[in-house]
file work13.txt (compact mmCIF, C-alpha atoms)
# COMPACT_ATOMS: atom_id res chain seq x y z
CA MET Z 1 -85.79 137.40 14.03
CA ILE Z 2 -89.22 137.91 15.60
CA ILE Z 3 -92.46 136.06 14.83
CA SER Z 4 -95.97 137.13 15.84
CA LYS Z 5 -99.10 134.98 15.74
CA SER Z 6 -102.52 136.67 15.61
CA PRO Z 7 -105.90 134.90 15.53
CA LEU Z 8 -108.73 135.38 13.08
CA ARG Z 9 -112.24 135.85 14.44
CA MET Z 10 -115.87 134.90 13.96
CA SER Z 11 -118.54 137.44 14.80
CA PHE Z 12 -121.80 135.89 15.98
CA PHE Z 13 -124.09 138.74 17.00
CA GLY Z 14 -124.20 142.51 16.53
CA GLY Z 15 -121.86 142.86 13.57
CA GLY Z 16 -122.30 146.30 12.03
CA THR Z 17 -123.22 148.09 15.25
CA ASP Z 18 -119.48 148.77 15.61
CA LEU Z 19 -119.60 150.99 12.52
CA PHE Z 20 -119.40 154.73 13.24
CA SER Z 21 -122.63 155.28 11.29
CA PHE Z 22 -124.39 153.47 14.15
CA SER Z 23 -122.23 154.00 17.22
CA LYS Z 24 -122.14 157.80 16.78
CA LYS Z 25 -125.86 157.80 17.66
CA GLU Z 26 -126.05 155.06 20.32
CA PHE Z 27 -123.72 152.41 21.66
CA GLY Z 28 -123.16 149.30 19.60
CA CYS Z 29 -122.12 145.84 20.75
CA VAL Z 30 -121.01 142.49 19.36
CA ILE Z 31 -120.33 138.98 20.57
CA SER Z 32 -117.40 137.42 18.78
CA ALA Z 33 -114.78 134.71 19.21
CA THR Z 34 -111.23 134.32 17.99
CA ILE Z 35 -110.45 130.98 16.36
CA ASP Z 36 -107.40 128.76 15.96
CA LYS Z 37 -106.52 130.06 12.51
CA TYR Z 38 -103.79 132.67 12.38
CA ILE Z 39 -101.82 135.37 10.61
CA TYR Z 40 -98.07 134.81 11.12
CA LEU Z 41 -95.66 137.69 10.61
CA VAL Z 42 -91.86 137.47 10.58
CA ALA Z 43 -89.49 140.42 10.83
CA HIS Z 44 -85.72 140.75 10.84
CA PRO Z 45 -83.19 143.38 9.74
CA SER Z 46 -82.58 143.31 5.99
CA PHE Z 47 -79.05 142.55 4.84
CA ALA Z 48 -78.71 145.44 2.38
CA GLY Z 49 -80.67 148.00 4.37
CA ASP Z 50 -83.70 148.20 2.08
CA ASN Z 51 -87.24 147.55 3.24
CA ILE Z 52 -88.34 144.16 1.90
CA ILE Z 53 -92.04 143.35 2.28
CA VAL Z 54 -93.30 139.92 1.24
CA TYR Z 55 -97.01 139.07 1.21
CA ASN Z 56 -98.90 138.06 -1.95
CA LYS Z 57 -96.36 140.22 -3.73
CA ARG Z 58 -92.79 141.29 -3.00
CA GLU Z 59 -91.70 144.88 -2.49
CA VAL Z 60 -88.12 146.12 -2.22
CA VAL Z 61 -87.92 149.86 -1.53
CA ASP Z 62 -85.42 152.24 0.00
CA SER Z 63 -88.00 154.43 1.76
CA VAL Z 64 -90.97 153.66 3.97
CA GLU Z 65 -93.06 156.15 1.97
CA LYS Z 66 -92.65 154.01 -1.15
CA ILE Z 67 -94.20 150.90 0.42
CA GLN Z 68 -97.40 150.05 -1.47
CA ASN Z 69 -98.87 147.90 1.29
CA THR Z 70 -100.68 150.65 3.19
CA ARG Z 71 -100.88 148.76 6.48
CA VAL Z 72 -97.18 147.94 6.51
CA ARG Z 73 -96.30 151.52 5.59
CA GLU Z 74 -98.42 153.09 8.33
CA VAL Z 75 -97.46 150.58 11.04
CA MET Z 76 -93.77 151.14 10.30
CA LYS Z 77 -94.27 154.89 10.54
CA LYS Z 78 -96.27 154.49 13.75
CA THR Z 79 -93.58 152.40 15.41
CA GLY Z 80 -90.75 154.61 14.18
CA ILE Z 81 -89.12 151.99 11.94
CA THR Z 82 -88.42 153.55 8.57
CA SER Z 83 -85.63 151.49 7.01
CA GLY Z 84 -83.67 148.28 7.03
CA MET Z 85 -86.53 145.88 7.78
CA GLU Z 86 -87.62 142.66 6.09
CA ILE Z 87 -91.18 141.52 6.80
CA HIS Z 88 -92.91 138.31 5.64
CA SER Z 89 -96.54 137.33 6.17
CA LEU Z 90 -98.29 133.96 6.09
CA ALA Z 91 -102.03 133.45 6.51
CA GLU Z 92 -103.81 130.15 7.19
CA VAL Z 93 -106.96 131.47 5.46
CA PRO Z 94 -107.28 133.70 2.37
CA SER Z 95 -108.10 137.36 2.83
CA GLY Z 96 -111.57 138.60 1.91
CA THR Z 97 -113.31 135.70 3.63
CA GLY Z 98 -114.96 137.49 6.56
CA LEU Z 99 -112.64 136.40 9.36
CA GLY Z 100 -111.01 139.75 10.15
CA SER Z 101 -107.66 138.95 8.54
CA SER Z 102 -106.88 142.57 7.60
CA SER Z 103 -107.13 143.79 11.18
CA ALA Z 104 -105.32 140.69 12.46
CA PHE Z 105 -102.48 141.66 10.12
CA THR Z 106 -102.39 145.22 11.47
CA VAL Z 107 -102.57 144.18 15.12
CA GLY Z 108 -99.96 141.46 14.63
CA LEU Z 109 -97.59 143.79 12.80
CA LEU Z 110 -97.83 146.43 15.51
CA ASN Z 111 -97.06 143.75 18.10
CA LEU Z 112 -94.14 142.50 16.00
CA LEU Z 113 -92.47 145.84 15.38
CA TYR Z 114 -92.92 147.10 18.92
CA CYS Z 115 -91.19 143.90 20.03
CA HIS Z 116 -88.40 144.67 17.55
CA ASN Z 117 -88.06 148.02 19.32
CA GLU Z 118 -87.92 146.13 22.64
CA LYS Z 119 -91.17 147.70 23.80
CA PHE Z 120 -93.95 145.89 25.62
CA VAL Z 121 -97.28 147.28 24.43
CA PRO Z 122 -100.56 146.32 26.20
CA LYS Z 123 -103.26 144.63 24.14
CA LEU Z 124 -105.52 147.65 24.58
CA LYS Z 125 -102.96 149.93 22.92
CA LEU Z 126 -102.46 147.48 20.06
CA ALA Z 127 -106.21 147.51 19.40
CA GLU Z 128 -106.51 151.30 19.70
CA GLU Z 129 -103.58 151.99 17.38
CA SER Z 130 -104.80 149.45 14.85
CA CYS Z 131 -108.17 151.27 14.75
CA GLU Z 132 -106.39 154.60 14.41
CA ILE Z 133 -104.35 153.35 11.43
CA GLU Z 134 -107.17 151.59 9.61
CA ILE Z 135 -110.04 154.00 10.26
CA ASP Z 136 -108.49 157.42 10.88
CA VAL Z 137 -105.39 157.26 8.65
CA LEU Z 138 -106.40 154.86 5.87
CA LYS Z 139 -110.08 155.93 5.95
CA GLU Z 140 -111.38 152.37 5.61
CA PRO Z 141 -115.18 151.99 6.05
CA ILE Z 142 -114.84 149.43 8.84
CA GLY Z 143 -115.76 149.17 12.51
CA LYS Z 144 -113.70 148.43 15.59
CA GLN Z 145 -114.63 144.89 16.55
CA ASP Z 146 -111.91 142.99 14.65
CA GLN Z 147 -108.99 144.89 16.15
CA TYR Z 148 -110.12 144.34 19.75
CA ALA Z 149 -111.11 140.71 19.15
CA CYS Z 150 -107.71 139.86 17.66
CA ALA Z 151 -105.70 141.76 20.27
CA PHE Z 152 -107.42 140.21 23.30
CA GLY Z 153 -108.54 136.79 22.04
CA GLY Z 154 -111.29 134.66 23.53
CA ILE Z 155 -115.06 134.93 23.34
CA ASN Z 156 -116.08 138.46 24.21
CA PHE Z 157 -118.85 140.99 24.48
CA ILE Z 158 -117.42 144.18 22.97
CA LYS Z 159 -119.19 147.51 23.48
CA PHE Z 160 -118.67 150.56 21.24
CA ASN Z 161 -119.52 153.80 23.01
CA ILE Z 162 -120.75 157.06 21.47
CA ASP Z 163 -117.55 158.84 22.55
CA GLY Z 164 -115.48 156.37 20.49
CA SER Z 165 -114.20 154.34 23.44
CA VAL Z 166 -114.43 150.57 23.43
CA GLU Z 167 -115.06 148.18 26.33
CA ILE Z 168 -114.27 144.48 26.12
CA GLU Z 169 -115.78 141.96 28.52
CA PRO Z 170 -115.15 138.20 28.35
CA ILE Z 171 -118.31 136.11 28.10
CA ARG Z 172 -118.70 134.37 31.45
CA ALA Z 173 -119.92 131.03 30.10
CA SER Z 174 -118.25 127.90 31.41
CA LYS Z 175 -115.70 125.94 29.38
CA GLU Z 176 -118.28 123.16 29.05
CA THR Z 177 -120.80 125.60 27.55
CA LEU Z 178 -118.27 127.03 25.12
CA ASP Z 179 -117.25 123.53 24.05
CA LYS Z 180 -120.92 122.72 23.37
CA ILE Z 181 -121.22 125.80 21.17
CA ASN Z 182 -118.02 124.95 19.30
CA LYS Z 183 -119.30 121.43 18.57
CA ARG Z 184 -122.52 122.84 17.12
CA LEU Z 185 -120.90 125.38 14.82
CA ILE Z 186 -120.02 124.23 11.30
CA ALA Z 187 -118.55 126.49 8.63
CA PHE Z 188 -118.20 126.01 4.89
CA TYR Z 189 -116.18 127.92 2.32
CA LEU Z 190 -118.38 129.51 -0.35
CA ASN Z 191 -115.56 129.35 -2.93
CA LYS Z 192 -115.67 133.12 -3.31
CA THR Z 193 -113.86 136.02 -1.66
CA ARG Z 194 -115.28 139.53 -1.66
CA ASP Z 195 -114.32 143.17 -1.25
CA ALA Z 196 -115.61 144.04 2.21
CA ALA Z 197 -115.15 147.76 1.58
CA SER Z 198 -117.80 147.87 -1.16
CA VAL Z 199 -120.31 146.00 1.04
CA LEU Z 200 -119.60 148.24 4.03
CA HIS Z 201 -119.82 151.47 2.02
CA GLU Z 202 -123.39 150.58 1.06
CA GLN Z 203 -124.28 149.45 4.58
CA ASN Z 204 -122.81 152.61 6.13
CA HIS Z 205 -124.76 154.80 3.72
CA ASN Z 206 -128.03 152.99 4.40
CA ILE Z 207 -127.61 153.13 8.20
CA SER Z 208 -126.82 156.85 8.04
CA PHE Z 209 -129.71 157.93 5.81
CA ASP Z 210 -132.44 155.31 6.14
CA GLU Z 211 -134.36 155.35 9.41
CA GLU Z 212 -135.73 151.85 8.84
CA LYS Z 213 -132.22 150.44 8.33
CA PHE Z 214 -131.13 152.07 11.57
CA LYS Z 215 -134.05 150.38 13.35
CA VAL Z 216 -132.87 147.05 11.95
CA MET Z 217 -129.48 147.68 13.56
CA GLN Z 218 -131.22 148.39 16.87
CA GLN Z 219 -132.97 145.04 16.65
CA MET Z 220 -129.62 143.33 16.02
CA LYS Z 221 -128.21 145.10 19.05
CA GLU Z 222 -131.10 143.88 21.23
CA ILE Z 223 -130.44 140.30 20.11
CA THR Z 224 -126.78 140.73 21.09
CA LEU Z 225 -127.69 141.98 24.57
CA ARG Z 226 -130.13 139.09 24.98
CA MET Z 227 -127.51 136.54 23.94
CA LYS Z 228 -124.92 138.04 26.31
CA GLU Z 229 -127.30 137.41 29.21
CA ASN Z 230 -128.01 133.91 27.94
CA LEU Z 231 -124.36 132.97 27.50
CA ASP Z 232 -123.27 134.51 30.80
CA ASN Z 233 -125.79 132.15 32.40
CA ASN Z 234 -124.75 129.12 30.30
CA ARG Z 235 -127.94 129.09 28.24
CA ILE Z 236 -127.38 128.14 24.60
CA GLU Z 237 -130.88 126.98 23.61
CA GLU Z 238 -131.55 130.13 21.56
CA PHE Z 239 -128.13 130.37 19.90
CA GLY Z 240 -129.19 128.96 16.53
CA GLU Z 241 -132.53 130.74 16.48
CA MET Z 242 -130.92 134.11 17.26
CA LEU Z 243 -128.25 133.56 14.59
CA HIS Z 244 -131.08 133.00 12.13
CA LYS Z 245 -132.97 136.14 13.17
CA SER Z 246 -129.79 138.21 13.05
CA TRP Z 247 -128.96 136.97 9.56
CA LEU Z 248 -132.40 137.83 8.22
CA LEU Z 249 -132.06 141.30 9.69
CA LYS Z 250 -128.54 141.80 8.38
CA LYS Z 251 -129.50 140.78 4.84
CA SER Z 252 -131.95 143.66 4.70
CA LEU Z 253 -129.25 146.28 5.34
CA ALA Z 254 -127.56 146.21 1.92
CA SER Z 255 -128.13 144.46 -1.40
CA SER Z 256 -124.57 143.10 -1.56
CA ILE Z 257 -124.64 141.26 1.79
CA SER Z 258 -126.27 138.20 0.23
CA ASN Z 259 -127.17 136.92 -3.24
CA SER Z 260 -129.24 134.16 -4.80
CA TYR Z 261 -126.47 131.57 -4.43
CA ILE Z 262 -125.84 132.36 -0.76
CA ASP Z 263 -129.58 132.31 -0.07
CA GLU Z 264 -129.88 128.94 -1.78
CA VAL Z 265 -126.98 127.47 0.23
CA TYR Z 266 -128.41 128.87 3.45
CA ASP Z 267 -131.87 127.47 2.75
CA ARG Z 268 -130.41 124.03 2.03
CA GLY Z 269 -128.56 124.16 5.34
CA ILE Z 270 -131.70 125.00 7.27
CA LEU Z 271 -133.72 122.28 5.51
CA ALA Z 272 -130.98 119.78 6.38
CA GLY Z 273 -131.31 120.47 10.10
CA ALA Z 274 -129.38 123.63 11.04
CA THR Z 275 -131.32 125.96 13.33
CA GLY Z 276 -129.55 129.10 12.19
CA GLY Z 277 -126.52 130.56 10.53
CA LYS Z 278 -124.96 133.53 8.77
CA VAL Z 279 -122.30 134.59 6.31
CA LEU Z 280 -119.25 135.67 8.28
CA GLY Z 281 -117.95 139.21 8.04
CA ALA Z 282 -119.45 141.89 5.83
CA GLY Z 283 -121.18 139.32 3.61
CA GLY Z 284 -121.13 138.63 -0.10
CA GLY Z 285 -118.78 135.62 0.10
CA GLY Z 286 -116.17 133.94 2.25
CA PHE Z 287 -117.51 131.49 4.83
CA ILE Z 288 -121.03 130.54 5.79
CA LEU Z 289 -121.55 129.41 9.38
CA PHE Z 290 -124.32 127.14 10.67
CA TYR Z 291 -125.47 126.17 14.15
CA CYS Z 292 -126.54 122.53 14.06
CA GLU Z 293 -127.15 119.85 16.68
CA PRO Z 294 -124.62 116.96 16.51
CA GLU Z 295 -127.18 114.35 15.42
CA LYS Z 296 -128.08 116.41 12.33
CA GLN Z 297 -124.61 117.40 11.21
CA ASP Z 298 -124.13 114.48 8.81
CA SER Z 299 -127.31 115.52 7.03
CA LEU Z 300 -126.05 119.12 6.84
CA LYS Z 301 -122.70 118.06 5.40
CA LYS Z 302 -124.36 115.87 2.77
CA ALA Z 303 -126.66 118.72 1.76
CA LEU Z 304 -123.65 120.97 1.16
CA LEU Z 305 -121.31 118.34 -0.21
CA GLU Z 306 -119.90 120.62 -2.92
CA LEU Z 307 -118.55 123.05 -0.30
CA LYS Z 308 -115.31 122.61 1.64
CA GLU Z 309 -115.90 122.25 5.37
CA PHE Z 310 -113.84 124.60 7.52
CA GLU Z 311 -112.89 123.03 10.84
CA PHE Z 312 -111.93 125.32 13.71
CA GLY Z 313 -111.69 125.67 17.45
CA PHE Z 314 -111.64 128.73 19.71
CA ASP Z 315 -108.50 130.71 20.52
CA ARG Z 316 -108.21 132.26 23.98
CA GLU Z 317 -104.89 134.15 23.85
CA GLY Z 318 -105.12 136.84 21.19
CA THR Z 319 -102.06 138.24 19.42
CA ARG Z 320 -98.72 137.09 20.80
CA ILE Z 321 -95.01 136.90 20.07
CA ILE Z 322 -94.03 133.26 19.61
CA TYR Z 323 -90.34 133.69 18.76
CA ALA Z 324 -87.75 136.38 19.41
CA GLN Z 325 -84.04 135.82 18.85
call {"tool": "encode", "arguments": {"input": "work13.txt", "output": "structure tokens"}}
result
Amino acid sequence: MIISKSPLRMSFFGGGTDLFSFSKKEFGCVISATIDKYIYLVAHPSFAGDNIIVYNKREVVDSVEKIQNTRVREVMKKTGITSGMEIHSLAEVPSGTGLGSSSAFTVGLLNLLYCHNEKFVPKLKLAEESCEIEIDVLKEPIGKQDQYACAFGGINFIKFNIDGSVEIEPIRASKETLDKINKRLIAFYLNKTRDAASVLHEQNHNISFDEEKFKVMQQMKEITLRMKENLDNNRIEEFGEMLHKSWLLKKSLASSISNSYIDEVYDRGILAGATGGKVLGAGGGGFILFYCEPEKQDSLKKALLELKEFEFGFDREGTRIIYAQ
């Protein structure tokens, strides 16, 4: 039996510039952090020789080609495991909530099955192959930030080059600075999941064919570069303000990124003392994140009393194997 543990992520700045519709024209970049909420995957040989896949449904099939879970099917094919495997998944957070769970699943499963094959695979290869499966094979309208964030872990500046290559650079802020940021970030569950693909299809189309939308993405990229310099020099004074500016820009990219309810929740958060925030992931639902000074956090929580608070810390390890027997 082998168990992998792969972190979810929060993207702070630059989300969307990792999409091919932007990065094919100029480099994109994001600042994101993995958090201490995880996707756990368990694999062991099946007793009868069938493939048994257990997630929010249960599949028992005699051929890898019959597996309905597209990620499991393609990862098994990629790693050369076609039969006799039982795989179970457990997530600490529901899918469709903007924390990169789909890519964490893919990265973690690659790590798991390569370990089953007694192969050590570098984090870079796990990220690259996850992108290949999700974007090239499954044709999903996503970018590349989630795969690299999950594979490497930590708080990173990730750059997406025109030639398709990706560079990942840890933010050089001190532990004290990162702890200060963590204490000022508060997330709430919006009681709604969403289909990221539909949001991203619209955003991709708008970036590709609307010059003004592309300029919005350029502004988001400039904020990301500015915040990298700030964080590398342990300056966090603009963190909330830049989150706010980025969110206003992002909302203009597609009609499905926000809605009247999300706008109302966000406005209440700002009035209660938060200096900035955003909806995590593609938008449309999931979690809303605020940056708020400690002395104003009680006011923020009272203003959003109907929403479940989501407590988290940062993860610094990335995907890993936690048990192999």
call {"tool": "closest_residue", "arguments": {"input": "work13.txt", "among": "Z:Asn156, Z:Ser6, Z:Gln325, Z:Thr177", "to": "Asn234 (chain Z)", "atoms": "all atoms listed in the file"}}
result
Z:Thr177
call {"tool": "residues_around", "arguments": {"input": "work13.txt", "residues": "Arg316 (chain Z)", "least_positions_apart": "2", "cutoff": "10 Å", "atoms": "all atoms listed in the file", "output": "PyMOL selection string"}}
result
chain Z and resi 7+33-36+150+152-155+313-314+318-319
call {"tool": "residues_around", "arguments": {"input": "work13.txt", "residues": "Ala127 (chain Z)", "least_positions_apart": "5", "cutoff": "10 Å", "atoms": "only C-alpha atoms", "output": "VMD selection string"}}
result
chain Z and resid 103 to 104 106 to 108 110 to 111 122 132 144 to 152 166
call {"tool": "write_last_selection", "arguments": {"input": "work13.txt", "atoms": "C-alpha atoms", "output": "PDB file, keeping the file's coordinate frame"}}
result
ATOM      1  CA  SER Z 103    -107.130 143.790  11.180  1.00  0.00           C
ATOM      2  CA  ALA Z 104    -105.320 140.690  12.460  1.00  0.00           C
ATOM      3  CA  THR Z 106    -102.390 145.220  11.470  1.00  0.00           C
ATOM      4  CA  VAL Z 107    -102.570 144.180  15.120  1.00  0.00           C
ATOM      5  CA  GLY Z 108     -99.960 141.460  14.630  1.00  0.00           C
ATOM      6  CA  LEU Z 110     -97.830 146.430  15.510  1.00  0.00           C
ATOM      7  CA  ASN Z 111     -97.060 143.750  18.100  1.00  0.00           C
ATOM      8  CA  PRO Z 122    -100.560 146.320  26.200  1.00  0.00           C
ATOM      9  CA  GLU Z 132    -106.390 154.600  14.410  1.00  0.00           C
ATOM     10  CA  LYS Z 144    -113.700 148.430  15.590  1.00  0.00           C
ATOM     11  CA  GLN Z 145    -114.630 144.890  16.550  1.00  0.00           C
ATOM     12  CA  ASP Z 146    -111.910 142.990  14.650  1.00  0.00           C
ATOM     13  CA  GLN Z 147    -108.990 144.890  16.150  1.00  0.00           C
ATOM     14  CA  TYR Z 148    -110.120 144.340  19.750  1.00  0.00           C
ATOM     15  CA  ALA Z 149    -111.110 140.710  19.150  1.00  0.00           C
ATOM     16  CA  CYS Z 150    -107.710 139.860  17.660  1.00  0.00           C
ATOM     17  CA  ALA Z 151    -105.700 141.760  20.270  1.00  0.00           C
ATOM     18  CA  PHE Z 152    -107.420 140.210  23.300  1.00  0.00           C
ATOM     19  CA  VAL Z 166    -114.430 150.570  23.430  1.00  0.00           C
TER      20      VAL Z 166
END
call {"tool": "residues_around", "arguments": {"input": "work13.txt", "residues": "region 179-184 of chain Z", "least_positions_apart": "3", "cutoff": "9 Å", "atoms": "only C-alpha atoms", "output": "ChimeraX atom specification"}}
result
/Z:174-176,236,239,290-294,297,312-314
call {"tool": "residues_around", "arguments": {"input": "work13.txt", "residues": "Cys29 (chain Z)", "least_positions_apart": "2", "cutoff": "6 Å", "atoms": "only C-alpha atoms", "output": "PyMOL selection string"}}
result
chain Z and resi 14+158-160
call {"tool": "write_last_selection", "arguments": {"input": "work13.txt", "atoms": "C-alpha atoms", "output": "short mmCIF file (atom, residue, chain, number, x, y, z; two decimals), keeping the file's coordinate frame"}}
result
data_model
loop_
_atom_site.label_atom_id
_atom_site.label_comp_id
_atom_site.auth_asym_id
_atom_site.auth_seq_id
_atom_site.Cartn_x
_atom_site.Cartn_y
_atom_site.Cartn_z
CA GLY Z 14 -124.20 142.51 16.53
CA ILE Z 158 -117.42 144.18 22.97
CA LYS Z 159 -119.19 147.51 23.48
CA PHE Z 160 -118.67 150.56 21.24
#
call {"tool": "axis_aligned_box", "arguments": {"input": "work13.txt", "around": "region 171-181 of chain Z", "padding_each_side": "8 Å", "output": "JSON"}}
result
{"center_x": -118.5, "center_y": 129.4, "center_z": 26.3, "size_x": 21.5, "size_y": 29.4, "size_z": 26.3}
call {"tool": "closest_residue", "arguments": {"input": "work13.txt", "among": "Z:Val93, Z:Ile257, Z:Ile223, Z:Ile52", "to": "Val279 (chain Z)", "atoms": "all atoms listed in the file"}}
result
Z:Ile257
call {"tool": "atom_distance", "arguments": {"input": "work13.txt", "atom1": "CA of Ile39 (chain Z)", "atom2": "CA of Val64 (chain Z)"}}
result
22.3 Å
call {"tool": "residues_around", "arguments": {"input": "work13.txt", "residues": "Lys301 (chain Z)", "least_positions_apart": "6", "cutoff": "12 Å", "atoms": "only C-alpha atoms", "output": "list of chain:residue names"}}
result
Z:Ile186, Z:Ala187, Z:Phe188, Z:Val265, Z:Arg268, Z:Gly269, Z:Ile270, Z:Leu271, Z:Ala272, Z:Gly273, Z:Ala274, Z:Phe290, Z:Cys292, Z:Pro294, Z:Glu295, Z:Leu307, Z:Lys308, Z:Glu309, Z:Phe310
call {"tool": "closest_residue", "arguments": {"input": "work13.txt", "among": "Z:Glu311, Z:Thr17, Z:Leu243, Z:Phe287", "to": "Ser95 (chain Z)", "atoms": "all atoms listed in the file"}}
result
Z:Phe287
call {"tool": "closest_residue", "arguments": {"input": "work13.txt", "among": "Z:Ser89, Z:Thr97, Z:Gln68, Z:Ser255", "to": "Ile3 (chain Z)", "atoms": "only C-alpha atoms"}}
result
Z:Ser89
call {"tool": "closest_residue", "arguments": {"input": "work13.txt", "among": "Z:Leu249, Z:Ser21, Z:Ile322, Z:Gly15", "to": "Phe209 (chain Z)", "atoms": "all atoms listed in the file"}}
result
Z:Ser21
call {"tool": "closest_residue", "arguments": {"input": "work13.txt", "among": "Z:Met220, Z:Ile162, Z:Ile207, Z:Leu304", "to": "Ile31 (chain Z)", "atoms": "all atoms listed in the file"}}
result
Z:Met220
call {"tool": "atom_distance", "arguments": {"input": "work13.txt", "atom1": "CA of Glu212 (chain Z)", "atom2": "CA of Leu225 (chain Z)"}}
result
20.2 Å
call {"tool": "closest_atom_pairs", "arguments": {"input": "work13.txt", "of": "region 82-141 of chain Z", "to": "region 42-46 of chain Z", "cutoff": "7 Å", "atoms": "only C-alpha atoms", "output": "JSON lines"}}
result
{"residue": "Z:Gly84", "atom": "CA", "partner": "Z:Ser46", "partner_atom": "CA", "distance": 5.2}
{"residue": "Z:Met85", "atom": "CA", "partner": "Z:Pro45", "partner_atom": "CA", "distance": 4.6}
{"residue": "Z:Glu86", "atom": "CA", "partner": "Z:Ser46", "partner_atom": "CA", "distance": 5.1}
{"residue": "Z:Ile87", "atom": "CA", "partner": "Z:Ala43", "partner_atom": "CA", "distance": 4.5}
{"residue": "Z:His88", "atom": "CA", "partner": "Z:Val42", "partner_atom": "CA", "distance": 5.1}
{"residue": "Z:Ser89", "atom": "CA", "partner": "Z:Val42", "partner_atom": "CA", "distance": 6.4}
call {"tool": "atom_distance", "arguments": {"input": "work13.txt", "atom1": "CA of Ser4 (chain Z)", "atom2": "CA of Thr70 (chain Z)"}}
result
19.1 Å
call {"tool": "residues_near_point", "arguments": {"input": "work13.txt", "point": "(-100.7, 153.2, 17.1)", "cutoff": "8 Å", "atoms": "all atoms listed in the file", "output": "PyMOL selection string"}}
result
chain Z and resi 75+78-79+110+125-126+128-130+132-133
call {"tool": "decode", "arguments": {"input": "work13.txt", "residues": "region 62-74 of chain Z", "atoms": "N, CA and C atoms", "output": "compact mmCIF listing (two decimals), in the first residue's frame"}}
result
# COMPACT_ATOMS: atom_id res chain seq x y z
N ASP Z 62 -12.34 -3.93 -16.01
CA ASP Z 62 -11.27 -4.87 -16.32
C ASP Z 62 -10.23 -4.30 -17.28
N SER Z 63 -10.45 -3.04 -17.73
CA SER Z 63 -9.52 -2.42 -18.67
C SER Z 63 -9.34 -0.95 -18.32
N VAL Z 64 -8.13 -0.46 -18.46
CA VAL Z 64 -7.87 0.94 -18.15
C VAL Z 64 -8.67 1.86 -19.06
N GLU Z 65 -8.94 1.44 -20.28
CA GLU Z 65 -9.69 2.27 -21.23
C GLU Z 65 -11.14 2.47 -20.82
N LYS Z 66 -11.64 1.63 -19.94
CA LYS Z 66 -13.03 1.73 -19.50
C LYS Z 66 -13.20 2.64 -18.28
N ILE Z 67 -12.11 3.12 -17.72
CA ILE Z 67 -12.20 3.98 -16.54
C ILE Z 67 -12.82 5.32 -16.92
N GLN Z 68 -13.89 5.70 -16.23
CA GLN Z 68 -14.59 6.94 -16.54
C GLN Z 68 -13.88 8.17 -15.99
N ASN Z 69 -13.19 8.02 -14.88
CA ASN Z 69 -12.43 9.14 -14.33
C ASN Z 69 -11.25 9.42 -15.26
N THR Z 70 -11.35 10.51 -16.00
CA THR Z 70 -10.36 10.76 -17.07
C THR Z 70 -8.94 10.94 -16.52
N ARG Z 71 -8.81 11.58 -15.37
CA ARG Z 71 -7.48 11.76 -14.81
C ARG Z 71 -6.85 10.44 -14.41
N VAL Z 72 -7.62 9.60 -13.74
CA VAL Z 72 -7.10 8.29 -13.35
C VAL Z 72 -6.71 7.49 -14.59
N ARG Z 73 -7.59 7.49 -15.58
CA ARG Z 73 -7.31 6.72 -16.80
C ARG Z 73 -6.01 7.17 -17.46
N GLU Z 74 -5.83 8.48 -17.62
CA GLU Z 74 -4.64 8.97 -18.33
C GLU Z 74 -3.37 8.85 -17.51
